[in-house]
>>> print(open('coords_5.cif').read())   # mmCIF, C-alpha atoms and all ligand atoms
data_data
#
loop_
_atom_site.label_atom_id
_atom_site.label_comp_id
_atom_site.auth_asym_id
_atom_site.auth_seq_id
_atom_site.Cartn_x
_atom_site.Cartn_y
_atom_site.Cartn_z
CA MET A 45 -5.11 5.40 12.32
CA ILE A 46 -4.42 8.07 14.88
CA VAL A 47 -1.26 10.01 15.66
CA GLU A 48 -0.19 10.73 19.21
CA TYR A 49 2.28 13.54 19.89
CA ILE A 50 4.11 13.76 23.22
CA ARG A 51 6.30 16.82 23.70
CA TYR A 52 8.99 16.79 26.38
CA LEU A 53 11.26 19.46 27.79
CA ILE A 54 14.35 17.62 29.08
CA PRO A 55 17.20 19.29 30.97
CA ASP A 56 20.51 19.02 29.07
CA GLU A 57 22.19 16.79 31.64
CA GLN A 58 19.38 14.21 31.36
CA SER A 59 19.13 14.04 27.56
CA SER A 60 21.47 11.03 27.11
CA ALA A 61 19.65 9.01 29.78
CA PHE A 62 16.30 10.06 28.26
CA GLU A 63 17.26 8.89 24.76
CA ALA A 64 18.68 5.63 26.16
CA ALA A 65 15.44 5.02 28.10
CA TYR A 66 13.42 5.56 24.93
CA ALA A 67 15.69 3.22 22.96
CA ARG A 68 14.78 0.51 25.52
CA ALA A 69 11.10 1.53 25.62
CA ALA A 70 10.98 1.24 21.82
CA VAL A 71 11.38 -2.55 22.06
CA PRO A 72 7.95 -3.26 23.62
CA LEU A 73 6.47 -0.41 21.56
CA ALA A 74 7.66 -1.97 18.31
CA SER A 75 6.26 -5.35 19.24
CA ALA A 76 2.82 -3.94 20.20
CA PRO A 77 0.26 -4.82 17.50
CA GLN A 78 -1.52 -1.50 18.18
CA CYS A 79 1.57 0.56 17.27
CA VAL A 80 2.06 1.20 13.55
CA ASP A 81 5.13 3.44 13.78
CA TYR A 82 7.01 5.73 16.16
CA GLU A 83 9.74 8.35 16.02
CA LEU A 84 11.51 10.41 18.67
CA SER A 85 12.89 13.72 17.34
CA ARG A 86 15.02 16.31 19.10
CA SER A 87 14.82 20.02 18.32
CA VAL A 88 17.93 21.50 16.71
CA ASP A 89 16.89 25.03 17.71
CA GLU A 90 16.12 24.20 21.31
CA PRO A 91 17.91 20.90 22.16
CA GLY A 92 15.89 20.33 25.35
CA SER A 93 12.69 19.96 23.26
CA TYR A 94 11.75 16.46 22.13
CA VAL A 95 8.70 15.28 20.23
CA LEU A 96 7.62 11.66 20.27
CA ARG A 97 5.26 10.74 17.44
CA ILE A 98 3.42 7.44 17.71
CA VAL A 99 1.00 6.19 15.06
CA TRP A 100 -1.64 3.92 16.62
CA THR A 101 -4.12 1.72 14.79
CA SER A 102 -6.82 3.73 16.67
CA ALA A 103 -7.15 5.78 19.86
CA ALA A 104 -9.22 2.97 21.41
CA ASP A 105 -6.55 0.39 20.49
CA HIS A 106 -3.99 2.59 22.22
CA ILE A 107 -5.99 3.23 25.36
CA GLU A 108 -7.87 -0.04 25.81
CA GLY A 109 -5.43 -2.37 24.04
CA PHE A 110 -1.88 -1.16 24.52
CA ARG A 111 -2.34 0.40 27.96
CA ARG A 112 -3.73 -2.87 29.33
CA SER A 113 -0.98 -5.01 27.81
CA ALA A 114 2.31 -6.38 29.11
CA ASN A 115 4.08 -4.27 26.46
CA PHE A 116 2.79 -1.14 28.19
CA THR A 117 4.07 -2.25 31.61
CA GLU A 118 7.54 -2.69 30.12
CA PHE A 119 7.33 0.57 28.14
CA PHE A 120 6.05 2.60 31.08
CA ALA A 121 8.76 1.36 33.45
CA GLU A 122 11.35 3.00 31.17
CA ILE A 123 9.70 6.34 30.56
CA ARG A 124 8.03 6.93 33.93
CA PRO A 125 10.83 9.19 35.34
CA TYR A 126 10.25 11.63 32.46
CA LEU A 127 6.49 12.08 32.92
CA PRO A 128 6.85 15.35 34.90
CA MET A 129 8.70 16.77 31.86
CA VAL A 130 5.79 16.19 29.46
CA GLN A 131 4.49 19.44 27.91
CA GLU A 132 1.76 17.96 25.74
CA MET A 133 0.27 14.51 25.19
CA ARG A 134 -2.55 14.40 22.64
CA HIS A 135 -4.09 12.24 19.92
CA TYR A 136 -4.46 13.87 16.50
CA GLN A 137 -6.61 12.82 13.55
CA ARG A 138 -4.89 13.20 10.16
CA THR A 139 -6.65 15.63 7.80
CA ASP A 140 -6.71 15.38 4.00
CA VAL A 141 -3.74 17.74 3.84
CA HIS A 142 -0.58 15.64 3.69
CA GLY A 143 2.25 14.61 1.38
CA THR A 144 3.12 11.09 0.23
CA GLY A 145 5.42 10.40 3.17
CA SER A 146 8.32 9.94 0.76
CA SER A 147 10.51 12.05 -1.51
CA GLU A 148 10.39 9.31 -4.13
CA PRO A 149 7.88 9.66 -6.96
CA SER A 150 5.12 7.06 -6.89
CA LEU A 151 5.16 4.32 -9.52
CA TYR A 152 2.06 6.03 -10.96
CA GLU A 153 3.98 9.29 -11.41
CA TRP A 154 7.02 7.46 -12.80
CA ALA A 155 4.80 5.62 -15.30
CA GLY A 156 3.61 8.98 -16.66
CA GLY A 157 0.70 9.85 -14.37
CA ALA A 158 -2.83 10.33 -15.68
CA GLY A 159 -3.53 8.35 -18.84
CA ALA A 160 -0.40 6.16 -18.78
CA PHE A 161 -2.13 2.98 -17.58
CA GLU A 162 -5.14 3.68 -19.80
CA ARG A 163 -2.87 3.66 -22.86
CA LEU A 164 -1.43 0.40 -21.55
CA THR A 165 -4.76 -1.36 -21.02
CA GLU A 166 -6.15 -0.19 -24.37
CA ALA A 167 -3.22 -1.77 -26.20
CA PHE A 168 -3.32 -4.84 -23.95
CA TYR A 169 -7.00 -5.74 -24.30
CA ARG A 170 -6.84 -5.17 -28.06
CA GLU A 171 -4.35 -8.05 -28.19
CA VAL A 172 -6.24 -10.08 -25.55
CA LEU A 173 -9.24 -10.18 -27.89
CA ARG A 174 -7.02 -11.55 -30.69
CA ASP A 175 -5.49 -14.24 -28.46
CA ASP A 176 -6.65 -17.86 -28.72
CA LEU A 177 -6.18 -18.64 -24.99
CA LEU A 178 -7.58 -15.41 -23.54
CA GLU A 179 -10.33 -14.38 -25.95
CA PRO A 180 -12.87 -16.89 -24.56
CA LEU A 181 -12.52 -15.32 -21.09
CA PHE A 182 -12.87 -11.75 -22.29
CA ARG A 183 -15.19 -11.93 -25.30
CA HIS A 184 -18.15 -10.53 -23.29
CA MET A 185 -16.20 -7.97 -21.33
CA ASP A 186 -17.65 -4.55 -20.67
CA ALA A 187 -16.57 -2.04 -23.34
CA GLU A 188 -15.11 0.03 -20.53
CA HIS A 189 -13.16 -2.86 -19.02
CA PRO A 190 -9.75 -1.51 -20.14
CA LYS A 191 -10.59 1.83 -18.45
CA PHE A 192 -11.66 0.13 -15.23
CA VAL A 193 -8.49 -1.94 -15.03
CA ALA A 194 -6.42 1.21 -15.70
CA MET A 195 -8.29 2.90 -12.83
CA TRP A 196 -7.39 -0.04 -10.59
CA LEU A 197 -3.72 0.12 -11.62
CA ASP A 198 -3.66 3.92 -11.04
CA GLU A 199 -4.79 3.33 -7.48
CA VAL A 200 -2.43 0.41 -6.80
CA PHE A 201 0.59 2.37 -7.99
CA GLY A 202 -0.10 5.54 -5.98
CA GLY A 203 -2.52 7.49 -8.21
CA PRO A 204 -6.06 8.64 -7.39
CA ASP A 205 -8.32 6.23 -5.51
CA THR A 206 -11.10 6.44 -8.12
CA TYR A 207 -11.55 2.66 -8.31
CA THR A 208 -12.40 2.52 -4.61
CA ALA A 209 -14.43 5.73 -4.64
CA LYS A 210 -16.47 5.06 -7.80
CA ARG A 211 -16.16 1.43 -8.89
CA GLY A 212 -16.58 -0.56 -5.71
CA GLY A 213 -12.93 -1.17 -4.75
CA TYR A 214 -11.55 -4.60 -3.93
CA PRO A 215 -14.93 -6.40 -3.49
CA HIS A 216 -15.99 -5.43 -7.01
CA MET A 217 -12.67 -6.44 -8.57
CA LEU A 218 -12.75 -9.75 -6.72
CA ALA A 219 -16.33 -10.46 -7.84
CA GLN A 220 -15.23 -10.12 -11.48
CA HIS A 221 -12.75 -13.01 -11.10
CA LEU A 222 -14.91 -15.42 -9.06
CA GLY A 223 -15.71 -18.68 -10.83
CA LYS A 224 -13.67 -17.80 -13.95
CA ALA A 225 -11.39 -20.86 -13.38
CA ILE A 226 -8.34 -19.12 -14.88
CA THR A 227 -5.60 -21.57 -15.85
CA GLU A 228 -1.83 -21.22 -15.51
CA PRO A 229 -1.29 -21.04 -19.29
CA GLN A 230 -3.86 -18.21 -19.42
CA ARG A 231 -2.14 -16.39 -16.57
CA ARG A 232 1.26 -16.64 -18.34
CA ARG A 233 -0.23 -15.42 -21.60
CA TRP A 234 -1.92 -12.52 -19.75
CA ILE A 235 1.45 -11.51 -18.29
CA ASN A 236 3.29 -11.82 -21.61
CA LEU A 237 0.74 -9.71 -23.46
CA LEU A 238 0.83 -7.09 -20.71
CA ALA A 239 4.64 -6.91 -20.86
CA ASP A 240 4.43 -6.55 -24.67
CA ALA A 241 1.83 -3.79 -24.28
CA ALA A 242 4.07 -1.98 -21.77
CA ASP A 243 6.81 -1.90 -24.43
CA GLU A 244 4.38 -0.89 -27.14
CA VAL A 245 3.03 2.15 -25.29
CA GLY A 246 6.45 3.12 -23.95
CA LEU A 247 6.01 2.61 -20.22
CA PRO A 248 9.39 3.37 -18.59
CA SER A 249 11.75 0.46 -19.27
CA ASP A 250 14.28 1.12 -16.49
CA PRO A 251 14.98 -1.99 -14.40
CA GLU A 252 13.63 -0.43 -11.18
CA PHE A 253 10.23 0.47 -12.62
CA ARG A 254 9.74 -2.74 -14.58
CA ALA A 255 10.81 -4.92 -11.65
CA ALA A 256 8.31 -3.21 -9.33
CA PHE A 257 5.57 -3.19 -11.98
CA MET A 258 6.00 -6.84 -12.98
CA GLY A 259 6.36 -7.82 -9.30
CA TYR A 260 2.84 -6.58 -8.72
CA ILE A 261 1.59 -8.29 -11.89
CA GLU A 262 3.12 -11.61 -10.81
CA TRP A 263 1.48 -11.26 -7.37
CA GLY A 264 -1.88 -10.09 -8.69
CA THR A 265 -2.21 -12.73 -11.37
CA ARG A 266 -1.41 -15.50 -8.88
CA LEU A 267 -4.17 -14.16 -6.63
CA ALA A 268 -6.50 -13.94 -9.62
CA ILE A 269 -5.92 -17.62 -10.42
CA GLY A 270 -6.52 -18.73 -6.83
CA ASN A 271 -9.62 -16.58 -6.38
CA SER A 272 -11.12 -17.69 -9.69
CA GLN A 273 -11.19 -21.43 -8.90
CA PRO A 274 -14.65 -22.92 -8.33
CA GLU A 275 -13.76 -24.11 -4.81
CA ALA A 276 -12.13 -20.81 -3.74
CA HIS A 277 -13.30 -18.86 -0.67
CA PRO A 278 -11.29 -15.63 -0.93
CA MET A 279 -11.45 -12.74 1.50
CA THR A 280 -14.46 -10.65 0.52
CA GLU A 281 -13.26 -7.36 2.04
CA ALA A 282 -9.76 -5.93 1.71
CA PRO A 283 -8.18 -2.62 0.78
CA VAL A 284 -6.74 -2.04 -2.69
CA PRO A 285 -3.04 -2.93 -2.34
CA HIS A 286 -0.58 -0.04 -2.60
CA TRP A 287 2.54 -1.08 -4.45
CA GLY A 288 5.87 0.73 -4.04
CA TRP A 289 9.40 0.49 -5.37
CA GLY A 290 10.43 -2.30 -2.97
CA VAL A 291 14.17 -2.71 -2.41
CA ALA A 292 15.25 -0.79 -5.54
CA PRO A 293 13.88 2.75 -5.78
CA PRO A 294 15.37 5.03 -8.47
CA TYR A 295 19.03 5.73 -7.63
CA ARG A 296 19.68 9.47 -7.53
CA GLY A 297 23.24 9.67 -6.35
C1 LIG A 301 -2.55 -8.19 -11.58
C2 LIG A 301 -3.47 -8.95 -12.14
C3 LIG A 301 -4.88 -8.53 -12.42
C4 LIG A 301 -5.51 -7.35 -12.20
C5 LIG A 301 -4.94 -6.10 -11.54
C6 LIG A 301 -6.86 -7.48 -12.66
C7 LIG A 301 -7.80 -6.47 -12.56
C8 LIG A 301 -9.12 -6.63 -12.88
C9 LIG A 301 -10.15 -5.69 -12.58
C10 LIG A 301 -9.94 -4.35 -11.86
C11 LIG A 301 -11.32 -6.20 -13.01
C12 LIG A 301 -12.71 -5.57 -12.86
C13 LIG A 301 -12.94 -4.42 -13.79
C14 LIG A 301 -14.27 -3.74 -13.48
O1 LIG A 301 -14.31 -2.92 -12.56
O2 LIG A 301 -15.25 -4.07 -14.14
C15 LIG A 301 -11.03 -7.47 -13.64
C16 LIG A 301 -11.94 -8.28 -14.26
C17 LIG A 301 -11.62 -9.42 -14.97
N1 LIG A 301 -10.40 -10.03 -14.97
FE1 LIG A 301 -8.73 -9.41 -14.06
N2 LIG A 301 -7.04 -8.72 -13.20
C18 LIG A 301 -5.85 -9.41 -13.09
C19 LIG A 301 -5.59 -10.67 -13.53
C20 LIG A 301 -6.41 -11.38 -14.35
C21 LIG A 301 -6.05 -12.58 -15.07
C22 LIG A 301 -4.67 -13.26 -15.00
C23 LIG A 301 -7.13 -12.95 -15.80
C24 LIG A 301 -7.30 -14.11 -16.73
C25 LIG A 301 -6.32 -14.66 -17.41
C26 LIG A 301 -8.19 -11.99 -15.52
C27 LIG A 301 -9.47 -12.04 -16.03
C28 LIG A 301 -10.46 -11.13 -15.77
C29 LIG A 301 -11.80 -11.23 -16.34
C30 LIG A 301 -12.30 -12.30 -17.31
C31 LIG A 301 -12.52 -10.14 -15.83
C32 LIG A 301 -13.99 -9.79 -16.13
C33 LIG A 301 -14.04 -8.99 -17.42
C34 LIG A 301 -15.46 -8.61 -17.84
O3 LIG A 301 -16.20 -9.53 -18.18
O4 LIG A 301 -15.81 -7.41 -17.81
N3 LIG A 301 -7.72 -11.07 -14.65
N4 LIG A 301 -9.68 -7.70 -13.55
#
>>> encode(input="coords_5.cif", output="structure tokens", more="lines below")
Ligand code: HEM
Amino acid sequence: MIVEYIRYLIPDEQSSAFEAAYARAAVPLASAPQCVDYELSRSVDEPGSYVLRIVWTSAADHIEGFRRSANFTEFFAEIRPYLPMVQEMRHYQRTDVHGTGSSEPSLYEWAGGAGAFERLTEAFYREVLRDDLLEPLFRHMDAEHPKFVAMWLDEVFGGPDTYTAKRGGYPHMLAQHLGKAITEPQRRRWINLLADAADEVGLPSDPEFRAAFMGYIEWGTRLAIGNSQPEAHPMTEAPVPHWGWGVAPPYRG
């Protein structure tokens, strides 16, 4: 992704018309597949200064895709009168220095941060190996399997991306499920034992955390079933999903 910044200096008497033009221009911008996000901000210290921030899928997608599209024609018709007032128009590459983009803690932080999911998976796989339905699937698992799954969960819930960096990311995880022919009763048992383990190790039990956590588990286990069937042809490349709070983040007044 690439971020484009466009800085404008707009005379006071034109600011309302300028903002209205951008409100209209935002319609084709929002429907352009190359545009990930956009935001027009006005300076409080110097009200004539505006900054438009547009996140593009890539600079090439912006220049060769968007600029040649019907969306651009519509967008440009609205903002054309303000081109002489542009002070800067540049693409920027994000560096490694940035925040989370949110003031909410990640689910990883809320769960307890480093070590929380490892305690969970240790307790969980101990019970898995005692379970009549699941033991046959896991009896030959790698001794470090609980650690690897914890690493995966860390990454999904906003922790370090060690699973992708060191363990092979999504393709490796997927490969571990292929051909396993997981059944629905096994999936349900897997979920129940994981929920029990979450209680046992004291993962936060507030409704917001557990709903988000179990939402991912429901989603992930359904994918695991589908991908594990002998006739399955799942996507072989995909990013590790990043799970957030959804519609109910922690309420803080
Ligand atoms: C949200 C749901 C799930 C997640 C996040 C998950 C995660 C993972 C990960 C990360 C691995 C690879 C570990 C490594 O790097 O070696 C793995 C392997 C495996 N998973 Fe899952 N899994 C899920 C659901 C399931 C379910 C429902 C079952 C079966 C009931 C299952 C059975 C297995 C088995 C048998 C392996 C291979 C273990 C071994 O032999 O080492 N998974 N899983």
>>> residues_around(input="coords_5.cif", residues="range 179-194 of chain A", least_positions_apart="2", cutoff="12 Å", atoms="only C-alpha atoms", output="compact mmCIF listing (two decimals) with C-alpha atoms, keeping the file's coordinate frame")
# COMPACT_ATOMS: atom_id res chain seq x y z
CA TYR A 152 2.06 6.03 -10.96
CA GLY A 157 0.70 9.85 -14.37
CA ALA A 158 -2.83 10.33 -15.68
CA GLY A 159 -3.53 8.35 -18.84
CA ALA A 160 -0.40 6.16 -18.78
CA PHE A 161 -2.13 2.98 -17.58
CA GLU A 162 -5.14 3.68 -19.80
CA ARG A 163 -2.87 3.66 -22.86
CA LEU A 164 -1.43 0.40 -21.55
CA THR A 165 -4.76 -1.36 -21.02
CA GLU A 166 -6.15 -0.19 -24.37
CA ALA A 167 -3.22 -1.77 -26.20
CA PHE A 168 -3.32 -4.84 -23.95
CA TYR A 169 -7.00 -5.74 -24.30
CA ARG A 170 -6.84 -5.17 -28.06
CA GLU A 171 -4.35 -8.05 -28.19
CA VAL A 172 -6.24 -10.08 -25.55
CA LEU A 173 -9.24 -10.18 -27.89
CA ARG A 174 -7.02 -11.55 -30.69
CA ASP A 175 -5.49 -14.24 -28.46
CA ASP A 176 -6.65 -17.86 -28.72
CA LEU A 177 -6.18 -18.64 -24.99
CA TRP A 196 -7.39 -0.04 -10.59
CA LEU A 197 -3.72 0.12 -11.62
CA ASP A 198 -3.66 3.92 -11.04
CA GLU A 199 -4.79 3.33 -7.48
CA VAL A 200 -2.43 0.41 -6.80
CA PHE A 201 0.59 2.37 -7.99
CA GLY A 203 -2.52 7.49 -8.21
CA PRO A 204 -6.06 8.64 -7.39
CA ASP A 205 -8.32 6.23 -5.51
CA THR A 206 -11.10 6.44 -8.12
CA TYR A 207 -11.55 2.66 -8.31
CA THR A 208 -12.40 2.52 -4.61
CA LYS A 210 -16.47 5.06 -7.80
CA ARG A 211 -16.16 1.43 -8.89
CA GLY A 212 -16.58 -0.56 -5.71
CA GLY A 213 -12.93 -1.17 -4.75
CA TYR A 214 -11.55 -4.60 -3.93
CA HIS A 216 -15.99 -5.43 -7.01
CA MET A 217 -12.67 -6.44 -8.57
CA GLN A 220 -15.23 -10.12 -11.48
CA HIS A 221 -12.75 -13.01 -11.10
CA GLY A 223 -15.71 -18.68 -10.83
CA LYS A 224 -13.67 -17.80 -13.95
CA ALA A 225 -11.39 -20.86 -13.38
CA ILE A 226 -8.34 -19.12 -14.88
CA THR A 227 -5.60 -21.57 -15.85
CA GLN A 230 -3.86 -18.21 -19.42
CA ARG A 231 -2.14 -16.39 -16.57
CA ARG A 233 -0.23 -15.42 -21.60
CA TRP A 234 -1.92 -12.52 -19.75
CA LEU A 238 0.83 -7.09 -20.71
CA SER A 272 -11.12 -17.69 -9.69
>>> residues_around(input="coords_5.cif", residues="range 104-106 of chain A", least_positions_apart="3", cutoff="6 Å", atoms="all atoms listed in the file", output="list in words")
Gln78, Gly109 and Phe110 of chain A
>>> closest_residue(input="coords_5.cif", among="A:Leu178, A:Ala242, A:Leu151, A:Leu247", to="ligand LIG 301 (chain A)", atoms="all atoms listed in the file")
A:Leu178
>>> atom_distance(input="coords_5.cif", atom1="CA of Arg134 in chain A", atom2="CA of Ile50 in chain A")
6.7 Å
>>> closest_residue(input="coords_5.cif", among="A:Arg266, A:Arg68, A:His286, A:His277", to="ligand LIG 301 (chain A)", atoms="all atoms listed in the file")
A:Arg266
>>> closest_residue(input="coords_5.cif", among="A:Phe119, A:Tyr260, A:Phe62, A:Phe253", to="ligand LIG 301 (chain A)", atoms="only C-alpha atoms and all ligand atoms")
A:Tyr260
>>> atom_distance(input="coords_5.cif", atom1="atom C6 of ligand LIG 301 (chain A)", atom2="CA of Phe257 in chain A")
13.2 Å
>>> atom_distance(input="coords_5.cif", atom1="CA of Ala65 in chain A", atom2="CA of Ile98 in chain A")
16.1 Å
>>> closest_residue(input="coords_5.cif", among="A:Ala69, A:Ala155, A:Val284, A:Leu218", to="Val245 in chain A", atoms="all atoms listed in the file")
A:Ala155
